[in-house]
>>> print(open('coords24.txt').read())   # compact mmCIF, C-alpha atoms
# COMPACT_ATOMS: atom_id res chain seq x y z
CA MET A 4 41.72 26.68 -73.13
CA THR A 5 42.05 25.01 -76.52
CA SER A 6 43.69 26.11 -79.74
CA ALA A 7 43.01 25.09 -83.31
CA LEU A 8 45.41 23.37 -85.68
CA ARG A 9 45.23 24.72 -89.24
CA GLN A 10 46.80 22.57 -91.93
CA SER A 11 47.55 25.42 -94.35
CA ALA A 12 49.11 27.62 -91.67
CA LEU A 13 51.30 24.85 -90.29
CA THR A 14 52.48 23.78 -93.73
CA SER A 15 53.34 27.35 -94.72
CA HIS A 16 55.33 27.87 -91.50
CA VAL A 17 57.53 24.77 -91.79
CA THR A 18 57.99 24.27 -95.55
CA ASP A 19 60.56 26.67 -96.94
CA ALA A 20 63.91 26.55 -98.72
CA MET A 21 65.76 25.82 -95.47
CA SER A 22 63.38 23.11 -94.23
CA PRO A 23 63.15 19.44 -95.25
CA TRP A 24 59.46 19.12 -94.33
CA LEU A 25 57.15 18.66 -97.31
CA ASP A 26 53.77 19.07 -95.64
CA VAL A 27 51.83 18.89 -92.39
CA GLU A 28 48.55 16.97 -92.44
CA VAL A 29 45.95 17.77 -89.78
CA ARG A 30 43.12 15.35 -89.04
CA ASP A 31 40.17 16.02 -86.74
CA ALA A 32 40.66 12.69 -85.02
CA VAL A 33 42.86 9.63 -85.45
CA ALA A 34 43.44 6.51 -83.39
CA SER A 35 47.25 6.84 -83.45
CA THR A 36 49.35 9.25 -85.49
CA ASN A 37 52.24 6.78 -85.47
CA ALA A 38 50.07 3.93 -86.75
CA ALA A 39 48.64 6.14 -89.50
CA LEU A 40 52.09 7.20 -90.71
CA LEU A 41 53.45 3.67 -90.53
CA ALA A 42 50.69 2.66 -92.94
CA ASP A 43 51.95 5.26 -95.44
CA PRO A 44 55.55 6.16 -94.48
CA ARG A 45 56.53 9.05 -96.74
CA PRO A 46 59.79 10.80 -95.76
CA TRP A 47 59.33 14.36 -94.45
CA HIS A 48 55.57 13.99 -94.08
CA VAL A 49 54.02 15.09 -90.78
CA LEU A 50 50.68 14.08 -89.27
CA THR A 51 49.01 15.76 -86.31
CA THR A 52 45.48 15.70 -84.96
CA ASP A 53 43.07 17.56 -82.73
CA HIS A 54 42.13 14.32 -81.00
CA GLN A 55 44.29 11.21 -80.72
CA GLN A 56 41.99 8.48 -79.46
CA ALA A 57 44.33 5.53 -78.98
CA GLY A 58 47.83 6.88 -78.58
CA ARG A 59 50.64 4.39 -78.10
CA GLY A 60 53.72 4.58 -75.96
CA ARG A 61 56.61 2.28 -75.21
CA LEU A 62 55.72 -1.30 -74.25
CA ALA A 63 52.21 -0.89 -75.75
CA ARG A 64 51.11 1.66 -73.15
CA SER A 65 48.10 3.64 -74.35
CA TRP A 66 46.42 6.92 -73.55
CA GLU A 67 43.79 9.38 -74.77
CA THR A 68 43.74 13.12 -74.15
CA PRO A 69 40.78 15.53 -74.27
CA ALA A 70 40.32 16.94 -77.76
CA GLY A 71 42.14 20.19 -78.46
CA THR A 72 44.34 20.14 -75.38
CA ALA A 73 47.55 18.40 -76.50
CA VAL A 74 49.88 18.02 -79.45
CA ALA A 75 49.88 14.49 -80.86
CA LEU A 76 52.35 14.51 -83.73
CA SER A 77 54.27 12.00 -85.81
CA ALA A 78 56.96 12.84 -88.35
CA CYS A 79 58.44 10.51 -90.94
CA VAL A 80 62.19 10.95 -91.55
CA PRO A 81 64.70 9.14 -93.76
CA VAL A 82 67.24 6.73 -92.30
CA PRO A 83 70.17 6.39 -94.71
CA PRO A 84 71.73 2.90 -94.73
CA ALA A 85 75.03 4.36 -93.53
CA ARG A 86 73.31 5.75 -90.42
CA MET A 87 71.36 2.63 -89.49
CA THR A 88 73.96 1.69 -86.87
CA ASP A 89 73.08 4.92 -85.04
CA ALA A 90 69.31 4.47 -85.34
CA GLY A 91 69.17 3.92 -81.57
CA TRP A 92 69.72 7.65 -81.23
CA LEU A 93 66.52 8.60 -83.07
CA PRO A 94 64.30 8.37 -79.95
CA LEU A 95 66.86 10.32 -77.91
CA LEU A 96 67.26 13.11 -80.47
CA THR A 97 63.48 13.37 -80.72
CA GLY A 98 63.17 13.97 -77.00
CA LEU A 99 66.03 16.45 -77.20
CA ALA A 100 64.34 18.32 -80.06
CA VAL A 101 61.10 18.62 -78.11
CA ARG A 102 63.02 19.90 -75.11
CA ASP A 103 64.86 22.40 -77.35
CA ALA A 104 61.56 23.64 -78.74
CA LEU A 105 59.86 24.02 -75.36
CA VAL A 106 62.83 25.86 -73.88
CA GLY A 107 62.78 28.15 -76.90
CA LEU A 108 59.10 28.88 -76.25
CA GLY A 109 59.92 29.88 -72.69
CA LEU A 110 59.41 26.72 -70.61
CA ALA A 111 61.62 26.90 -67.53
CA GLY A 112 63.09 23.76 -66.04
CA ALA A 113 62.65 21.43 -69.05
CA VAL A 114 65.00 18.43 -68.79
CA LEU A 115 65.25 14.94 -70.24
CA LYS A 116 64.84 11.64 -68.46
CA TRP A 117 66.63 8.89 -70.34
CA PRO A 118 65.80 7.87 -72.96
CA ASN A 119 63.36 10.53 -74.17
CA ASP A 120 60.78 11.73 -71.63
CA VAL A 121 60.63 15.51 -71.27
CA LEU A 122 60.19 16.46 -67.62
CA VAL A 123 59.70 19.82 -65.95
CA ALA A 124 62.01 20.07 -62.95
CA THR A 125 60.20 23.16 -61.65
CA ASP A 126 56.97 21.10 -61.40
CA GLY A 127 58.36 18.19 -59.42
CA ASP A 128 59.98 16.37 -62.36
CA ARG A 129 56.56 15.78 -63.88
CA LYS A 130 56.32 14.57 -67.48
CA VAL A 131 55.14 16.97 -70.18
CA CYS A 132 56.05 14.89 -73.25
CA GLY A 133 56.52 11.26 -74.18
CA VAL A 134 58.11 9.90 -77.35
CA LEU A 135 57.66 6.74 -79.41
CA CYS A 136 59.87 6.11 -82.44
CA GLU A 137 59.42 3.20 -84.83
CA LEU A 138 61.35 2.05 -87.89
CA ALA A 139 59.25 1.42 -90.96
CA PRO A 140 59.96 -0.75 -94.00
CA ALA A 141 61.78 1.18 -96.69
CA PRO A 142 59.35 2.30 -99.45
CA GLY A 143 61.92 1.28 -102.07
CA PRO A 144 65.67 1.04 -102.67
CA GLY A 145 67.81 3.46 -100.73
CA ASP A 146 66.94 5.09 -97.44
CA GLY A 147 64.81 3.47 -94.81
CA VAL A 148 62.37 5.58 -92.82
CA ALA A 149 61.46 6.10 -89.19
CA VAL A 150 58.32 7.51 -87.64
CA LEU A 151 59.08 9.83 -84.74
CA GLY A 152 55.99 10.24 -82.57
CA MET A 153 55.39 12.50 -79.60
CA GLY A 154 52.59 13.56 -77.30
CA ILE A 155 52.97 16.97 -75.63
CA ASN A 156 50.58 18.14 -72.90
CA VAL A 157 49.69 21.75 -73.68
CA HIS A 158 46.43 23.01 -72.17
CA GLN A 159 45.38 20.27 -69.75
CA THR A 160 44.30 21.06 -66.23
CA ARG A 161 45.55 18.81 -63.44
CA ASP A 162 42.36 16.74 -63.41
CA GLN A 163 42.57 16.15 -67.18
CA LEU A 164 45.94 14.42 -66.89
CA PRO A 165 46.01 10.62 -66.62
CA VAL A 166 48.54 10.31 -63.80
CA GLU A 167 49.88 12.42 -60.93
CA THR A 168 53.36 12.37 -62.47
CA ALA A 169 52.21 14.26 -65.60
CA THR A 170 52.01 18.00 -66.17
CA SER A 171 51.15 20.41 -69.00
CA LEU A 172 52.64 23.59 -70.39
CA ALA A 173 49.71 25.55 -68.98
CA LEU A 174 50.26 24.13 -65.50
CA CYS A 175 53.90 25.20 -65.77
CA GLY A 176 52.86 28.76 -66.55
CA LEU A 177 53.49 28.65 -70.31
CA GLU A 178 50.43 29.83 -72.22
CA VAL A 179 51.14 28.95 -75.83
CA GLY A 180 49.06 27.76 -78.76
CA ARG A 181 49.37 24.26 -80.13
CA GLU A 182 50.35 25.58 -83.57
CA GLU A 183 53.31 27.39 -82.02
CA VAL A 184 54.36 24.17 -80.34
CA VAL A 185 54.11 22.15 -83.57
CA VAL A 186 56.15 24.69 -85.55
CA ALA A 187 58.86 24.96 -82.88
CA VAL A 188 59.13 21.19 -82.53
CA LEU A 189 59.39 20.56 -86.28
CA ARG A 190 62.10 23.17 -86.67
CA ALA A 191 64.08 21.72 -83.77
CA LEU A 192 63.54 18.16 -85.03
CA ALA A 193 64.85 19.04 -88.50
CA HIS A 194 67.98 20.51 -86.91
CA ARG A 195 68.64 17.49 -84.70
CA HIS A 196 68.00 15.07 -87.58
CA ARG A 197 70.53 16.95 -89.76
CA GLN A 198 73.00 16.69 -86.91
CA TRP A 199 72.38 12.95 -86.55
CA ALA A 200 72.54 12.31 -90.31
CA THR A 201 76.16 13.53 -90.43
CA ALA A 202 78.39 11.09 -88.54
CA SER A 203 81.00 13.77 -87.81
CA ARG A 204 78.38 15.78 -85.90
CA MET A 205 77.35 12.93 -83.60
CA PRO A 206 79.79 13.90 -80.80
CA ALA A 207 78.11 17.32 -80.59
CA LEU A 208 74.66 15.71 -80.52
CA ARG A 209 75.71 13.32 -77.76
CA ALA A 210 77.19 16.22 -75.75
CA ASP A 211 73.99 18.27 -76.11
CA TYR A 212 71.92 15.30 -75.00
CA ALA A 213 74.12 14.67 -71.96
CA ALA A 214 73.88 18.33 -70.95
CA ALA A 215 70.07 18.18 -71.05
CA CYS A 216 69.67 14.74 -69.41
CA ALA A 217 68.75 14.97 -65.73
CA THR A 218 69.15 11.20 -65.34
CA LEU A 219 72.94 11.44 -65.46
CA GLY A 220 74.59 11.75 -62.08
CA ARG A 221 71.42 10.57 -60.32
CA GLN A 222 70.68 7.38 -58.45
CA VAL A 223 68.24 5.31 -60.50
CA ALA A 224 66.34 2.06 -60.23
CA ILE A 225 66.20 0.10 -63.48
CA HIS A 226 63.07 -2.08 -63.66
CA LEU A 227 63.61 -5.05 -65.97
CA PRO A 228 61.01 -7.24 -67.75
CA SER A 229 61.92 -10.12 -65.44
CA GLY A 230 60.65 -8.10 -62.48
CA ALA A 231 64.17 -7.50 -61.18
CA VAL A 232 65.17 -4.00 -60.09
CA GLU A 233 68.76 -2.88 -60.51
CA PRO A 234 69.82 0.20 -58.50
CA GLY A 235 72.85 2.29 -59.31
CA GLU A 236 74.17 5.63 -60.45
CA ALA A 237 73.55 6.73 -64.04
CA VAL A 238 77.03 7.70 -65.18
CA ARG A 239 76.73 8.20 -68.94
CA VAL A 240 74.92 7.47 -72.18
CA ASP A 241 77.12 5.44 -74.50
CA GLU A 242 77.66 5.85 -78.25
CA ALA A 243 74.67 3.62 -78.98
CA GLY A 244 72.33 5.67 -76.76
CA ARG A 245 72.30 3.09 -73.97
CA LEU A 246 72.37 4.05 -70.30
CA VAL A 247 75.43 3.00 -68.30
CA ILE A 248 74.66 2.33 -64.63
CA ARG A 249 77.37 2.02 -61.99
CA THR A 250 76.32 -0.69 -59.54
CA ALA A 251 77.92 -2.51 -56.65
CA HIS A 252 78.83 -5.24 -59.15
CA GLY A 253 80.35 -2.97 -61.79
CA ASP A 254 79.00 -1.00 -64.72
CA ARG A 255 75.86 -2.31 -66.40
CA ILE A 256 74.57 -1.19 -69.81
CA HIS A 257 70.85 -0.93 -70.59
CA ALA A 258 69.17 -0.29 -73.95
CA ALA A 259 65.84 1.53 -73.82
CA GLY A 260 63.99 -1.40 -75.39
CA ASP A 261 65.19 -3.72 -72.62
CA VAL A 262 63.94 -1.57 -69.73
CA VAL A 263 60.40 -1.30 -68.34
CA HIS A 264 61.12 1.80 -66.22
CA ALA A 265 64.12 3.89 -65.24
CA ARG A 266 63.01 5.44 -61.95
CA LEU A 267 64.87 8.46 -60.63
CA SER A 268 65.59 8.48 -56.91
CA ALA A 269 64.53 11.51 -54.93
>>> encode(input="coords24.txt", output="structure tokens")
Amino acid sequence: MTSALRQSALTSHVTDAMSPWLDVEVRDAVASTNAALLADPRPWHVLTTDHQQAGRGRLARSWETPAGTAVALSACVPVPPARMTDAGWLPLLTGLAVRDALVGLGLAGAVLKWPNDVLVATDGDRKVCGVLCELAPAPGPGDGVAVLGMGINVHQTRDQLPVETATSLALCGLEVGREEVVVAVLRALAHRHRQWATASRMPALRADYAAACATLGRQVAIHLPSGAVEPGEAVRVDEAGRLVIRTAHGDRIHAAGDVVHARLSA
């Protein structure tokens, strides 16, 4: 099953008096939605495509999905100077927004793996969405901008997925069109960005993230760039969005950019 993405329909659904989004651009094919937006980073502009041919993940990981089967979407949002110290939360709130949207569409068992993977617990903790967020140079004085990118598996069959640890909405029993997914995600993302942009609302955002994060309370193995593996219990996410691991040698703090993998123990 595939489903079309219509630029006019998407734009009309997400641009209204209550929404910050200005438009949704749909391209037939693009190498990377993040790379395309980074080349022209306009706040509240969204780019999606029927076929992302060279998607990028953390640590330069790449993937390609069959045309028409997934949502590859990047959204450009403002980063006010006063909120730059909390920019580490942008990848986490993006994962949380995707999880919010998928739960709202009826996906059972959607949880987060720190920092921002969306897993489906009812399908063996398989991954249905990955997130890549990148700061872009400010287009002028004032706010900076960030590009929040995500890839959501929608219609893929098991043999269309790149790895055994991946799943799709269809495989989880949720038959939904890609347009519905895009609209739900953009609405949830606007809400979480508003929450993040107001410092007084950050405690609520952190609490919502912790409630959705299946990493917390689990034994994990942190794989570091040096090749070392640090086991411990994930006890909390700190105010900077870093994972705090309780080890035999005391608590250790890991930022997402300093970790190759955070493996959950069975």
>>> closest_residue(input="coords24.txt", among="A:Val114, A:Cys216, A:Ala149, A:Val185", to="Pro83 of chain A", atoms="all atoms listed in the file")
A:Ala149
>>> atom_distance(input="coords24.txt", atom1="atom CA of Glu236 of chain A", atom2="atom CA of Gln222 of chain A")
4.4 Å
>>> residues_around(input="coords24.txt", residues="Val106 of chain A", least_positions_apart="2", cutoff="12 Å", atoms="only C-alpha atoms", output="list of chain:residue names")
A:Leu99, A:Ala100, A:Val101, A:Arg102, A:Asp103, A:Ala104, A:Leu108, A:Gly109, A:Leu110, A:Ala111, A:Gly112, A:Ala113, A:Val114, A:Leu115, A:Val121, A:Leu122, A:Val123, A:Leu172, A:Leu177, A:Val184, A:Ala187, A:Val188, A:Ala191, A:Ala215
>>> closest_residue(input="coords24.txt", among="A:Pro144, A:Gly154, A:Pro118, A:Pro81", to="Thr52 of chain A", atoms="only C-alpha atoms")
A:Gly154
>>> closest_residue(input="coords24.txt", among="A:Leu96, A:Leu105, A:Val17, A:Leu40", to="Trp117 of chain A", atoms="all atoms listed in the file")
A:Leu96
>>> closest_residue(input="coords24.txt", among="A:Met87, A:Asp19, A:Val263, A:Trp24", to="Leu189 of chain A", atoms="all atoms listed in the file")
A:Trp24
>>> atom_distance(input="coords24.txt", atom1="atom CA of Arg9 of chain A", atom2="atom CA of Val29 of chain A")
7.0 Å
>>> atom_distance(input="coords24.txt", atom1="atom CA of Arg197 of chain A", atom2="atom CA of Asp241 of chain A")
20.2 Å
>>> residues_around(input="coords24.txt", residues="Ala173 of chain A", least_positions_apart="5", cutoff="7 Å", atoms="all atoms listed in the file", output="list of chain:residue names")
A:Val157, A:His158, A:Gln159, A:Glu178
>>> residues_around(input="coords24.txt", residues="segment 125-135 of chain A", least_positions_apart="5", cutoff="9 Å", atoms="only C-alpha atoms", output="PDB file with C-alpha atoms, in the coordinates of the input")
ATOM      1  CA  ASN A  37      52.240   6.780 -85.470  1.00  0.00           C
ATOM      2  CA  ARG A  59      50.640   4.390 -78.100  1.00  0.00           C
ATOM      3  CA  GLY A  60      53.720   4.580 -75.960  1.00  0.00           C
ATOM      4  CA  ARG A  61      56.610   2.280 -75.210  1.00  0.00           C
ATOM      5  CA  SER A  77      54.270  12.000 -85.810  1.00  0.00           C
ATOM      6  CA  PRO A  94      64.300   8.370 -79.950  1.00  0.00           C
ATOM      7  CA  LEU A  95      66.860  10.320 -77.910  1.00  0.00           C
ATOM      8  CA  THR A  97      63.480  13.370 -80.720  1.00  0.00           C
ATOM      9  CA  GLY A  98      63.170  13.970 -77.000  1.00  0.00           C
ATOM     10  CA  VAL A 101      61.100  18.620 -78.110  1.00  0.00           C
ATOM     11  CA  ARG A 102      63.020  19.900 -75.110  1.00  0.00           C
ATOM     12  CA  ALA A 111      61.620  26.900 -67.530  1.00  0.00           C
ATOM     13  CA  GLY A 112      63.090  23.760 -66.040  1.00  0.00           C
ATOM     14  CA  ALA A 113      62.650  21.430 -69.050  1.00  0.00           C
ATOM     15  CA  VAL A 114      65.000  18.430 -68.790  1.00  0.00           C
ATOM     16  CA  ASN A 119      63.360  10.530 -74.170  1.00  0.00           C
ATOM     17  CA  ASP A 120      60.780  11.730 -71.630  1.00  0.00           C
ATOM     18  CA  VAL A 150      58.320   7.510 -87.640  1.00  0.00           C
ATOM     19  CA  LEU A 151      59.080   9.830 -84.740  1.00  0.00           C
ATOM     20  CA  GLY A 152      55.990  10.240 -82.570  1.00  0.00           C
ATOM     21  CA  MET A 153      55.390  12.500 -79.600  1.00  0.00           C
ATOM     22  CA  GLY A 154      52.590  13.560 -77.300  1.00  0.00           C
ATOM     23  CA  ILE A 155      52.970  16.970 -75.630  1.00  0.00           C
ATOM     24  CA  ASN A 156      50.580  18.140 -72.900  1.00  0.00           C
ATOM     25  CA  VAL A 157      49.690  21.750 -73.680  1.00  0.00           C
ATOM     26  CA  GLU A 167      49.880  12.420 -60.930  1.00  0.00           C
ATOM     27  CA  THR A 168      53.360  12.370 -62.470  1.00  0.00           C
ATOM     28  CA  ALA A 169      52.210  14.260 -65.600  1.00  0.00           C
ATOM     29  CA  THR A 170      52.010  18.000 -66.170  1.00  0.00           C
ATOM     30  CA  SER A 171      51.150  20.410 -69.000  1.00  0.00           C
ATOM     31  CA  LEU A 172      52.640  23.590 -70.390  1.00  0.00           C
ATOM     32  CA  LEU A 174      50.260  24.130 -65.500  1.00  0.00           C
ATOM     33  CA  CYS A 175      53.900  25.200 -65.770  1.00  0.00           C
TER      34      CYS A 175
END
